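This is structure.pdb (PDB, C-alpha atoms, pLDDT in the B column).
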ATOM      1  CA  MET A 209      -6.758   6.645 -15.443  1.00 54.00           C
ATOM      2  CA  THR A 210      -6.387   6.659 -11.684  1.00 71.00           C
ATOM      3  CA  SER A 211      -4.192   4.387  -9.638  1.00 91.00           C
ATOM      4  CA  ALA A 212      -4.409   3.028  -6.117  1.00 95.00           C
ATOM      5  CA  VAL A 213      -1.886   2.331  -3.353  1.00 96.00           C
ATOM      6  CA  VAL A 214      -1.737   0.219  -0.201  1.00 96.00           C
ATOM      7  CA  ALA A 215      -1.121   2.139   3.012  1.00 96.00           C
ATOM      8  CA  ARG A 216      -1.066   1.715   6.770  1.00 95.00           C
ATOM      9  CA  ASN A 217      -1.296   4.166   9.644  1.00 93.00           C
ATOM     10  CA  ARG A 218       1.890   4.449  11.719  1.00 88.00           C
ATOM     11  CA  SER A 219       2.653   7.012  14.432  1.00 85.00           C
ATOM     12  CA  ASN A 220       0.204   9.615  13.101  1.00 88.00           C
ATOM     13  CA  THR A 221       1.497   9.299   9.533  1.00 92.00           C
ATOM     14  CA  LEU A 222       0.800   7.074   6.572  1.00 94.00           C
ATOM     15  CA  GLU A 223       3.277   4.541   5.251  1.00 95.00           C
ATOM     16  CA  TYR A 224       2.943   3.132   1.749  1.00 96.00           C
ATOM     17  CA  LEU A 225       3.681  -0.350   0.458  1.00 95.00           C
ATOM     18  CA  VAL A 226       6.804  -0.483  -1.710  1.00 95.00           C
ATOM     19  CA  ARG A 227       7.720  -3.543  -3.780  1.00 85.00           C
ATOM     20  CA  ASN A 228      11.415  -4.374  -4.155  1.00 81.00           C
ATOM     21  CA  ALA A 229      12.299  -7.640  -5.912  1.00 73.00           C
ATOM     22  CA  GLY A 230       9.720  -9.708  -4.067  1.00 71.00           C
ATOM     23  CA  ALA A 231      10.262  -8.080  -0.666  1.00 79.00           C
ATOM     24  CA  ASP A 232       7.594  -5.784   0.736  1.00 82.00           C
ATOM     25  CA  LYS A 233       8.778  -2.628   2.485  1.00 92.00           C
ATOM     26  CA  TRP A 234       7.057   0.481   3.790  1.00 93.00           C
ATOM     27  CA  ALA A 235       7.935   4.109   3.045  1.00 94.00           C
ATOM     28  CA  GLU A 236       6.540   7.462   4.153  1.00 94.00           C
ATOM     29  CA  ASN A 237       6.970   8.855   0.645  1.00 93.00           C
ATOM     30  CA  ALA A 238       3.860   8.268  -1.485  1.00 91.00           C
ATOM     31  CA  ASP A 239       5.925   8.658  -4.658  1.00 92.00           C
ATOM     32  CA  ALA A 240       7.756   5.414  -3.831  1.00 92.00           C
ATOM     33  CA  ALA A 241       4.526   3.437  -3.353  1.00 94.00           C
ATOM     34  CA  ALA A 242       3.677   0.457  -5.505  1.00 93.00           C
ATOM     35  CA  ARG A 243       0.865   1.465  -7.873  1.00 94.00           C
ATOM     36  CA  PHE A 244      -2.102  -0.730  -8.711  1.00 95.00           C
ATOM     37  CA  GLN A 245      -4.374  -0.137 -11.693  1.00 94.00           C
ATOM     38  CA  THR A 246      -7.594  -0.358  -9.704  1.00 95.00           C
ATOM     39  CA  LEU A 247      -8.749   0.121  -6.147  1.00 94.00           C
ATOM     40  CA  ARG A 248      -9.942  -3.485  -6.216  1.00 95.00           C
ATOM     41  CA  GLU A 249      -6.411  -4.775  -6.967  1.00 95.00           C
ATOM     42  CA  ALA A 250      -4.964  -2.656  -4.155  1.00 95.00           C
ATOM     43  CA  THR A 251      -7.633  -3.893  -1.740  1.00 95.00           C
ATOM     44  CA  ARG A 252      -6.878  -7.510  -2.626  1.00 96.00           C
ATOM     45  CA  GLU A 253      -3.178  -6.883  -1.986  1.00 93.00           C
ATOM     46  CA  ALA A 254      -3.910  -5.241   1.389  1.00 94.00           C
ATOM     47  CA  MET A 255      -6.048  -8.236   2.389  1.00 95.00           C
ATOM     48  CA  ARG A 256      -3.171 -10.617   1.615  1.00 93.00           C
ATOM     49  CA  LEU A 257      -0.930  -8.972   4.207  1.00 91.00           C
ATOM     50  CA  PRO A 258      -0.884 -10.284   7.804  1.00 90.00           C
ATOM     51  CA  SER A 259      -3.790  -8.967   9.876  1.00 87.00           C
ATOM     52  CA  ALA A 260      -1.409  -7.315  12.345  1.00 88.00           C
ATOM     53  CA  VAL A 261      -0.335  -4.902   9.570  1.00 87.00           C
ATOM     54  CA  ARG A 262      -3.863  -3.447   9.223  1.00 92.00           C
ATOM     55  CA  ALA A 263      -3.277  -2.127   5.740  1.00 94.00           C
ATOM     56  CA  PHE A 264      -5.906  -0.595   3.459  1.00 93.00           C
ATOM     57  CA  ALA A 265      -6.239   0.548  -0.134  1.00 94.00           C
ATOM     58  CA  MET A 266      -6.740   4.139  -1.187  1.00 93.00           C
ATOM     59  CA  PRO A 267      -6.701   6.118  -4.430  1.00 92.00           C
ATOM     60  CA  GLY A 268      -3.163   7.128  -5.292  1.00 81.00           C
TER
END
Step by step, read the file and then write its structure as structure tokens.
Amino acid sequence: MTSAVVARNRSNTLEYLVRNAGADKWAENADAAARFQTLREATREAMRLPSAVRAFAMPG
């Protein structure tokens, strides 16, 4: 089974969405990223973020 993550492009590097007790944070380490079971779930989560974040889903 594959998983998916939510990421954004920052200063020529990717940052990954990390979930901590209801607070969303971003980390450069992909190992810390919140994992979603499907790409569809990750895409839905990326779309829920403010448009200024410009996040996207990708296989993790």
Residues near range 255-257 of chain A, cut-off 12 Å, only C-alpha atoms, skip fewer than 5 positions along chain, as an MDAnalysis selection string:
chainID A and resid 214:216 225 232:233 248:250 262:265
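Across A:Thr251, A:Ser259, A:Thr246, A:Met266, the tightest approach to Leu222 in chain A is made by A:Met266 when counting only C-alpha atoms.
From CA of Thr210 in chain A back to CA of Pro258 in chain A, the distance works out to 26.4 Å.
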To one decimal place in Å, what is the distance between CA of Asp239 in chain A and CA of Ser211 in chain A?
12.1 Å
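Relative to CA of Ala240 in chain A, CA of Asn220 in chain A is found at 19.0 Å.
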Ranking A:Ala241, A:Ala231, A:Val261, A:Ala254 by minimum distance to Arg218 in chain A and counting only C-alpha atoms, which one comes first?
A:Val261
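Of the listed residues A:Leu247, A:Val226, A:Glu253, A:Ala235, the one whose atoms come nearest to Ala212 in chain A is A:Leu247, with distances taken using all atoms listed in the file.
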Can you take the partial range 241-266 of chain A, add N, CA and C atoms, and return it as a PDB file, in the coordinates of the input?
ATOM      1  N   ALA A 241       5.527   4.500  -3.542  1.00 94.00           N
ATOM      2  CA  ALA A 241       4.526   3.437  -3.353  1.00 94.00           C
ATOM      3  C   ALA A 241       4.324   2.612  -4.613  1.00 94.00           C
ATOM      4  N   ALA A 242       4.067   1.336  -4.400  1.00 93.00           N
ATOM      5  CA  ALA A 242       3.677   0.457  -5.505  1.00 93.00           C
ATOM      6  C   ALA A 242       2.299   0.906  -5.991  1.00 93.00           C
ATOM      7  N   ARG A 243       2.135   1.008  -7.291  1.00 94.00           N
ATOM      8  CA  ARG A 243       0.865   1.465  -7.873  1.00 94.00           C
ATOM      9  C   ARG A 243       0.087   0.281  -8.434  1.00 94.00           C
ATOM     10  N   PHE A 244      -1.200   0.286  -8.198  1.00 95.00           N
ATOM     11  CA  PHE A 244      -2.102  -0.730  -8.711  1.00 95.00           C
ATOM     12  C   PHE A 244      -3.075  -0.042  -9.653  1.00 95.00           C
ATOM     13  N   GLN A 245      -3.510  -0.744 -10.677  1.00 94.00           N
ATOM     14  CA  GLN A 245      -4.374  -0.137 -11.693  1.00 94.00           C
ATOM     15  C   GLN A 245      -5.761   0.194 -11.172  1.00 94.00           C
ATOM     16  N   THR A 246      -6.243  -0.599 -10.233  1.00 95.00           N
ATOM     17  CA  THR A 246      -7.594  -0.358  -9.704  1.00 95.00           C
ATOM     18  C   THR A 246      -7.581  -0.418  -8.178  1.00 95.00           C
ATOM     19  N   LEU A 247      -8.593   0.176  -7.601  1.00 94.00           N
ATOM     20  CA  LEU A 247      -8.749   0.121  -6.147  1.00 94.00           C
ATOM     21  C   LEU A 247      -8.998  -1.318  -5.704  1.00 94.00           C
ATOM     22  N   ARG A 248      -9.680  -2.076  -6.536  1.00 95.00           N
ATOM     23  CA  ARG A 248      -9.942  -3.485  -6.216  1.00 95.00           C
ATOM     24  C   ARG A 248      -8.639  -4.274  -6.090  1.00 95.00           C
ATOM     25  N   GLU A 249      -7.700  -4.073  -7.034  1.00 95.00           N
ATOM     26  CA  GLU A 249      -6.411  -4.775  -6.967  1.00 95.00           C
ATOM     27  C   GLU A 249      -5.640  -4.392  -5.707  1.00 95.00           C
ATOM     28  N   ALA A 250      -5.654  -3.112  -5.358  1.00 95.00           N
ATOM     29  CA  ALA A 250      -4.964  -2.656  -4.155  1.00 95.00           C
ATOM     30  C   ALA A 250      -5.604  -3.235  -2.893  1.00 95.00           C
ATOM     31  N   THR A 251      -6.932  -3.313  -2.886  1.00 95.00           N
ATOM     32  CA  THR A 251      -7.633  -3.893  -1.740  1.00 95.00           C
ATOM     33  C   THR A 251      -7.281  -5.361  -1.583  1.00 95.00           C
ATOM     34  N   ARG A 252      -7.240  -6.093  -2.680  1.00 96.00           N
ATOM     35  CA  ARG A 252      -6.878  -7.510  -2.626  1.00 96.00           C
ATOM     36  C   ARG A 252      -5.458  -7.676  -2.073  1.00 96.00           C
ATOM     37  N   GLU A 253      -4.550  -6.805  -2.488  1.00 93.00           N
ATOM     38  CA  GLU A 253      -3.178  -6.883  -1.986  1.00 93.00           C
ATOM     39  C   GLU A 253      -3.126  -6.575  -0.488  1.00 93.00           C
ATOM     40  N   ALA A 254      -3.873  -5.585  -0.035  1.00 94.00           N
ATOM     41  CA  ALA A 254      -3.910  -5.241   1.389  1.00 94.00           C
ATOM     42  C   ALA A 254      -4.464  -6.396   2.216  1.00 94.00           C
ATOM     43  N   MET A 255      -5.452  -7.105   1.675  1.00 95.00           N
ATOM     44  CA  MET A 255      -6.048  -8.236   2.389  1.00 95.00           C
ATOM     45  C   MET A 255      -5.101  -9.439   2.474  1.00 95.00           C
ATOM     46  N   ARG A 256      -4.136  -9.513   1.600  1.00 93.00           N
ATOM     47  CA  ARG A 256      -3.171 -10.617   1.615  1.00 93.00           C
ATOM     48  C   ARG A 256      -2.089 -10.443   2.683  1.00 93.00           C
ATOM     49  N   LEU A 257      -1.942  -9.233   3.181  1.00 91.00           N
ATOM     50  CA  LEU A 257      -0.930  -8.972   4.207  1.00 91.00           C
ATOM     51  C   LEU A 257      -1.402  -9.525   5.552  1.00 91.00           C
ATOM     52  N   PRO A 258      -0.482  -9.794   6.483  1.00 90.00           N
ATOM     53  CA  PRO A 258      -0.884 -10.284   7.804  1.00 90.00           C
ATOM     54  C   PRO A 258      -1.839  -9.305   8.491  1.00 90.00           C
ATOM     55  N   SER A 259      -2.779  -9.821   9.251  1.00 87.00           N
ATOM     56  CA  SER A 259      -3.790  -8.967   9.876  1.00 87.00           C
ATOM     57  C   SER A 259      -3.191  -7.948  10.845  1.00 87.00           C
ATOM     58  N   ALA A 260      -2.053  -8.239  11.417  1.00 88.00           N
ATOM     59  CA  ALA A 260      -1.409  -7.315  12.345  1.00 88.00           C
ATOM     60  C   ALA A 260      -0.951  -6.026  11.648  1.00 88.00           C
ATOM     61  N   VAL A 261      -0.780  -6.079  10.329  1.00 87.00           N
ATOM     62  CA  VAL A 261      -0.335  -4.902   9.570  1.00 87.00           C
ATOM     63  C   VAL A 261      -1.445  -3.877   9.463  1.00 87.00           C
ATOM     64  N   ARG A 262      -2.702  -4.317   9.336  1.00 92.00           N
ATOM     65  CA  ARG A 262      -3.863  -3.447   9.223  1.00 92.00           C
ATOM     66  C   ARG A 262      -3.729  -2.440   8.085  1.00 92.00           C
ATOM     67  N   ALA A 263      -3.436  -2.956   6.927  1.00 94.00           N
ATOM     68  CA  ALA A 263      -3.277  -2.127   5.740  1.00 94.00           C
ATOM     69  C   ALA A 263      -4.615  -1.928   5.041  1.00 94.00           C
ATOM     70  N   PHE A 264      -4.695  -0.888   4.204  1.00 93.00           N
ATOM     71  CA  PHE A 264      -5.906  -0.595   3.459  1.00 93.00           C
ATOM     72  C   PHE A 264      -5.522  -0.008   2.114  1.00 93.00           C
ATOM     73  N   ALA A 265      -6.451  -0.030   1.192  1.00 94.00           N
ATOM     74  CA  ALA A 265      -6.239   0.548  -0.134  1.00 94.00           C
ATOM     75  C   ALA A 265      -6.824   1.950  -0.187  1.00 94.00           C
ATOM     76  N   MET A 266      -6.220   2.801  -1.002  1.00 93.00           N
ATOM     77  CA  MET A 266      -6.740   4.139  -1.187  1.00 93.00           C
ATOM     78  C   MET A 266      -6.329   4.649  -2.568  1.00 93.00           C
TER      79      MET A 266
END
